[in-house]
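As provided, coords18.txt (compact mmCIF, C-alpha atoms) reads as follows.
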# COMPACT_ATOMS: atom_id res chain seq x y z
CA GLY S 22 38.92 80.32 99.51
CA GLN S 23 37.62 83.46 97.88
CA GLN S 24 36.31 86.18 100.16
CA LEU S 25 34.30 89.28 99.46
CA ASN S 26 34.54 92.13 101.92
CA GLN S 27 31.25 93.97 101.99
CA SER S 28 30.65 97.24 103.80
CA PRO S 29 29.00 98.65 105.69
CA GLN S 30 27.55 95.76 107.68
CA SER S 31 24.41 97.76 108.44
CA MET S 32 22.86 101.11 107.70
CA PHE S 33 20.01 102.95 109.35
CA ILE S 34 18.78 105.85 107.26
CA GLN S 35 15.86 108.20 106.81
CA GLU S 36 13.43 107.82 103.96
CA GLY S 37 14.56 109.87 100.99
CA GLU S 38 18.27 109.55 101.67
CA ASP S 39 20.71 108.01 99.24
CA VAL S 40 22.59 104.85 100.15
CA SER S 41 25.92 103.50 99.03
CA MET S 42 27.53 100.14 99.75
CA ASN S 43 30.49 98.35 98.30
CA CYS S 44 32.33 95.09 97.94
CA THR S 45 36.00 94.38 97.49
CA SER S 46 37.89 91.23 96.67
CA SER S 47 41.53 90.25 96.79
CA SER S 48 41.14 88.51 93.44
CA ILE S 49 39.61 89.38 90.10
CA PHE S 50 35.95 88.74 89.45
CA ASN S 51 34.58 88.50 85.92
CA THR S 52 31.02 89.09 87.02
CA TRP S 53 29.54 91.08 89.87
CA LEU S 54 26.03 90.44 91.10
CA TRP S 55 23.92 92.34 93.59
CA TYR S 56 21.11 90.54 95.41
CA LYS S 57 18.49 91.70 97.88
CA GLN S 58 16.97 89.44 100.51
CA GLU S 59 13.78 90.32 102.33
CA PRO S 60 12.58 88.53 105.48
CA GLY S 61 11.32 85.02 104.73
CA GLU S 62 12.51 85.17 101.14
CA GLY S 63 15.55 84.08 99.25
CA PRO S 64 18.00 86.46 97.59
CA VAL S 65 16.61 88.17 94.51
CA LEU S 66 18.96 89.29 91.76
CA LEU S 67 18.89 93.08 91.35
CA ILE S 68 21.73 93.88 88.99
CA ALA S 69 24.34 91.87 87.10
CA LEU S 70 27.57 93.43 85.86
CA TYR S 71 29.76 91.74 83.26
CA LYS S 72 32.41 94.25 82.16
CA ALA S 73 35.01 96.25 84.02
CA GLY S 74 33.87 99.86 84.27
CA GLU S 75 30.26 98.97 83.51
CA LEU S 76 27.64 101.15 85.14
CA THR S 77 24.13 99.70 85.21
CA SER S 78 20.86 101.02 86.59
CA ASN S 79 17.67 99.33 87.67
CA GLY S 80 15.19 101.99 88.70
CA ARG S 81 16.62 103.82 91.69
CA LEU S 82 19.49 101.34 91.93
CA THR S 83 22.82 101.87 90.23
CA ALA S 84 25.76 99.51 90.38
CA GLN S 85 29.26 99.74 88.99
CA PHE S 86 31.86 97.14 88.12
CA GLY S 87 35.21 98.51 89.28
CA ILE S 88 37.98 99.10 86.78
CA THR S 89 40.36 96.86 88.70
CA ARG S 90 37.70 94.08 88.57
CA LYS S 91 38.21 93.67 92.31
CA ASP S 92 35.39 95.85 93.53
CA SER S 93 31.82 96.90 92.93
CA PHE S 94 29.47 99.54 94.28
CA LEU S 95 25.70 99.69 94.71
CA ASN S 96 23.89 102.97 95.16
CA ILE S 97 20.22 103.43 96.04
CA SER S 98 18.79 106.87 95.48
CA ALA S 99 15.85 108.40 97.35
CA SER S 100 15.32 105.40 99.60
CA ILE S 101 11.82 104.27 100.53
CA PRO S 102 10.64 101.95 103.32
CA SER S 103 10.35 98.95 101.00
CA ASP S 104 14.09 99.14 100.34
CA VAL S 105 14.69 97.50 103.71
CA GLY S 106 16.43 94.16 103.55
CA ILE S 107 19.85 92.62 103.29
CA TYR S 108 21.88 93.45 100.20
CA PHE S 109 24.50 90.98 99.08
CA CYS S 110 27.24 91.32 96.57
CA ALA S 111 28.24 88.09 94.87
CA GLY S 112 30.23 86.77 92.02
CA PRO S 113 31.60 83.64 90.51
CA PRO S 114 35.39 83.73 90.90
CA GLY S 115 36.75 83.07 87.45
CA SER S 116 34.21 81.61 85.10
CA ASN S 117 32.64 78.94 87.20
CA TYR S 118 29.22 78.56 88.71
CA LYS S 119 29.91 78.76 92.44
CA LEU S 120 28.77 82.10 93.71
CA THR S 121 30.83 83.68 96.44
CA PHE S 122 28.81 86.06 98.60
CA GLY S 123 29.67 88.99 100.79
CA LYS S 124 28.32 88.97 104.33
CA GLY S 125 25.60 91.41 103.41
CA THR S 126 24.56 94.95 104.27
CA LEU S 127 21.44 95.23 106.42
CA LEU S 128 19.50 98.32 105.36
CA THR S 129 16.84 99.86 107.56
CA VAL S 130 14.83 102.82 106.29
CA ASN S 131 13.04 104.97 108.81
CA PRO S 132 9.81 106.46 107.36
CA GLU O 11 6.06 80.91 85.88
CA ALA O 12 6.60 79.41 89.32
CA GLY O 13 9.86 80.22 91.05
CA VAL O 14 12.12 77.95 93.01
CA THR O 15 10.23 76.35 95.88
CA GLN O 16 11.60 74.74 99.00
CA PHE O 17 10.05 72.56 101.65
CA PRO O 18 9.78 72.81 104.58
CA SER O 19 10.17 76.51 105.30
CA HIS O 20 11.26 75.73 108.85
CA SER O 21 12.49 72.62 110.60
CA VAL O 22 13.37 72.19 114.24
CA ILE O 23 15.01 68.91 115.16
CA GLU O 24 17.14 67.48 117.90
CA LYS O 25 20.78 66.65 117.58
CA GLY O 26 21.19 63.19 116.13
CA GLN O 27 17.95 63.22 114.16
CA THR O 28 17.62 63.15 110.41
CA VAL O 29 16.15 65.89 108.26
CA THR O 30 15.44 65.98 104.54
CA LEU O 31 15.06 69.25 102.68
CA ARG O 32 13.44 69.45 99.29
CA CYS O 33 13.93 71.85 96.41
CA ASP O 34 11.87 72.19 93.25
CA PRO O 35 13.74 74.30 90.69
CA ILE O 36 12.20 76.46 88.02
CA SER O 37 10.82 74.20 85.31
CA GLY O 38 13.38 73.62 82.57
CA HIS O 39 16.38 74.70 84.64
CA ASP O 40 19.02 72.02 84.37
CA ASN O 41 21.35 73.65 86.88
CA LEU O 42 20.48 73.28 90.55
CA TYR O 43 22.56 74.56 93.44
CA TRP O 44 22.46 74.26 97.21
CA TYR O 45 23.83 77.00 99.43
CA ARG O 46 23.81 77.53 103.17
CA ARG O 47 23.94 80.58 105.41
CA VAL O 48 24.99 80.02 108.96
CA MET O 49 24.03 82.80 111.39
CA GLY O 50 26.22 85.84 110.99
CA LYS O 51 28.22 84.43 108.12
CA GLU O 52 28.05 84.67 104.36
CA ILE O 53 26.01 82.44 102.09
CA LYS O 54 28.22 79.53 101.07
CA PHE O 55 28.07 77.15 98.15
CA LEU O 56 27.41 73.50 98.94
CA LEU O 57 26.99 71.72 95.62
CA HIS O 58 25.87 71.90 92.01
CA PHE O 59 23.81 69.53 89.89
CA VAL O 60 23.46 69.53 86.15
CA LYS O 61 20.31 67.53 85.58
CA GLU O 62 20.76 64.45 87.76
CA SER O 63 24.56 64.58 87.86
CA LYS O 64 26.57 66.10 90.66
CA GLN O 65 29.03 68.48 89.02
CA ASP O 66 30.63 69.77 92.15
CA GLU O 67 30.04 68.90 95.77
CA SER O 68 33.19 70.52 97.09
CA GLY O 69 31.21 72.73 99.47
CA MET O 70 29.50 69.91 101.32
CA PRO O 71 30.65 70.13 104.95
CA ASN O 72 31.07 66.40 105.59
CA ASN O 73 29.60 63.00 104.85
CA ARG O 74 26.58 63.62 107.04
CA PHE O 75 25.17 65.57 104.12
CA LEU O 76 23.73 63.75 101.12
CA ALA O 77 22.17 65.45 98.12
CA GLU O 78 20.25 63.73 95.37
CA ARG O 79 18.44 64.75 92.23
CA THR O 80 16.89 61.64 90.84
CA GLY O 81 15.36 62.19 87.42
CA GLY O 82 16.91 65.60 87.14
CA THR O 83 13.91 67.44 88.52
CA TYR O 84 13.57 68.14 92.23
CA SER O 85 16.45 67.68 94.66
CA THR O 86 16.70 66.59 98.26
CA LEU O 87 19.36 67.37 100.82
CA LYS O 88 19.51 64.99 103.75
CA VAL O 89 21.40 65.64 106.96
CA GLN O 90 22.00 62.52 109.01
CA PRO O 91 22.69 62.69 111.90
CA ALA O 92 22.19 66.41 112.43
CA GLU O 93 24.60 68.34 114.64
CA LEU O 94 24.20 71.71 116.33
CA GLU O 95 26.50 73.44 113.83
CA ASP O 96 24.22 72.41 110.97
CA SER O 97 21.71 75.08 111.99
CA GLY O 98 21.23 77.76 109.40
CA VAL O 99 19.25 78.64 106.32
CA TYR O 100 19.59 76.30 103.36
CA PHE O 101 18.94 77.88 100.00
CA CYS O 102 18.36 76.20 96.71
CA ALA O 103 18.89 78.00 93.42
CA SER O 104 18.50 77.09 89.78
CA SER O 105 19.61 78.45 86.45
CA GLN O 106 19.25 77.69 82.78
CA VAL O 107 21.80 75.76 80.78
CA GLY O 108 24.85 77.92 80.17
CA SER O 109 23.58 80.67 82.46
CA TYR O 110 25.52 80.14 85.64
CA ASN O 111 25.51 83.73 86.77
CA GLU O 112 21.78 84.35 86.87
CA GLN O 113 20.82 81.98 89.61
CA PHE O 114 17.29 82.20 90.98
CA PHE O 115 16.96 81.45 94.64
CA GLY O 116 14.21 79.80 96.61
CA PRO O 117 12.96 81.17 99.94
CA GLY O 118 15.18 78.84 101.94
CA THR O 119 14.63 76.31 104.68
CA ARG O 120 15.53 77.48 108.16
CA LEU O 121 16.99 74.51 110.04
CA THR O 122 17.39 74.63 113.78
CA VAL O 123 19.17 71.78 115.52
CA LEU O 124 18.68 71.71 119.29
What does the file become when written as structure tokens?
Amino acid sequence: GQQLNQSPQSMFIQEGEDVSMNCTSSSIFNTWLWYKQEPGEGPVLLIALYKAGELTSNGRLTAQFGITRKDSFLNISASIPSDVGIYFCAGPPGSNYKLTFGKGTLLTVNP
Amino acid sequence: EAGVTQFPSHSVIEKGQTVTLRCDPISGHDNLYWYRRVMGKEIKFLLHFVKESKQDESGMPNNRFLAERTGGTYSTLKVQPAELEDSGVYFCASSQVGSYNEQFFGPGTRLTVL
């Protein structure tokens, strides 16, 4: 089945630092989604990308849809303690409804 | 507007017992999905309902799992009999008609099988 390789697996950073994580796939994705999961909660959609090359921001978060359509990046600028959580990339392979998820990046922000 | 809700939040059962998980989607969302995350692995698709109809249950692990959505509103996922490898977090998500990408997730049910 489809697999998304997400890296890094975990990050431990100081408050104020910038963060970057990425996802790659062996096959083309038509949509890239970035979710954040906090303890005791379900994944919450942060950013959705629909076109190759698209760069989209949501506050301090910026995500890009790779030109090859096989990768995506998420950047968080000036991290704050409430950014802690697990960040997942996801996408529906092709045009269907089944989301395929990466394994997640666990972000810890040290105040 | 209320989000997706799931009940219970946690369930601890013994191997061989039966457990039923419930999901209430966002009102008006015809699409309902079940996913599962086993410890250390990625979140994986289990099945998809459109209203009361199962559109795709290709992700269901085996016939010990039964999902229903009578009336097209809430859904239940029953595991009978539960095995150790069924432990994990079960997420439900919903989306509007035609909007498959923007799926809204519930908080999940953490199932532990001892």
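Candidate residues O:Gly69, O:Met49, O:Ser97, O:Tyr110 were compared for distance to O:His20, and the nearest is O:Ser97, using only C-alpha atoms.
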Contacts of chain S with chain O up to 9 Å, shortest pair per row, only C-alpha atoms, as CSV:
residue,atom,partner,partner_atom,distance
S:Thr52,CA,O:Asn111,CA,7.7
S:Trp53,CA,O:Asn111,CA,8.9
S:Leu54,CA,O:Asn111,CA,8.0
S:Gly61,CA,O:Pro117,CA,6.4
S:Glu62,CA,O:Pro117,CA,4.2
S:Gly63,CA,O:Pro117,CA,4.0
S:Pro64,CA,O:Phe115,CA,5.9
S:Val65,CA,O:Phe115,CA,6.7
S:Leu66,CA,O:Phe114,CA,7.3
S:Ala69,CA,O:Glu112,CA,7.9
S:Phe109,CA,O:Glu52,CA,9.0
S:Gly112,CA,O:Asn111,CA,7.7
S:Pro113,CA,O:Asn111,CA,7.1
S:Ser116,CA,O:Tyr110,CA,8.8
S:Asn117,CA,O:Tyr110,CA,7.4
S:Tyr118,CA,O:Tyr110,CA,5.1
S:Lys119,CA,O:Phe55,CA,6.2
S:Leu120,CA,O:Phe55,CA,6.7
S:Thr121,CA,O:Lys54,CA,6.7
S:Phe122,CA,O:Ile53,CA,5.8
S:Gly123,CA,O:Glu52,CA,5.8
S:Lys124,CA,O:Glu52,CA,4.3
S:Gly125,CA,O:Glu52,CA,7.2
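Atom CA of S:Gln85 sits 9.5 Å away from atom CA of S:Asn43.
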Kindly extract all protein, DNA and RNA residues lying within 10 Å of the coordinates (25.2, 104.5, 102.0) given in the file, considering only C-alpha atoms, and supply them as a ChimeraX atom specification. /S:28-29,31-34,38-43,95-98,126,128
Show me, as a PyMOL selection string, the residues that have an atom within 6 Å of O:Val89 when counting only C-alpha atoms, minus same-chain residues fewer than 5 positions from it. chain O and resi 28-29+74-75
Work out how far atom CA of O:Val48 is from atom CA of S:Phe94, in Å to one decimal. 24.8 Å
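From atom CA of O:Leu42 back to atom CA of O:Leu121, the distance works out to 19.8 Å.
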Can you pull out every residue within 7 Å of O:Leu31, counting all atoms listed in the file, but drop anything in the same chain fewer than 5 positions away, and send it as a PyMOL selection string? chain O and resi 17-18+86-88
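Between S:Ser93 and the candidates S:Ser48, S:Leu70, S:Gln58, S:Glu36, the tightest atom-to-atom separation, counting all atoms listed in the file, involves S:Leu70.
Distance check against S:Cys44 using only C-alpha atoms: of S:Leu25, S:Ile101, S:Leu127, S:Leu82, the minimum falls on S:Leu25.
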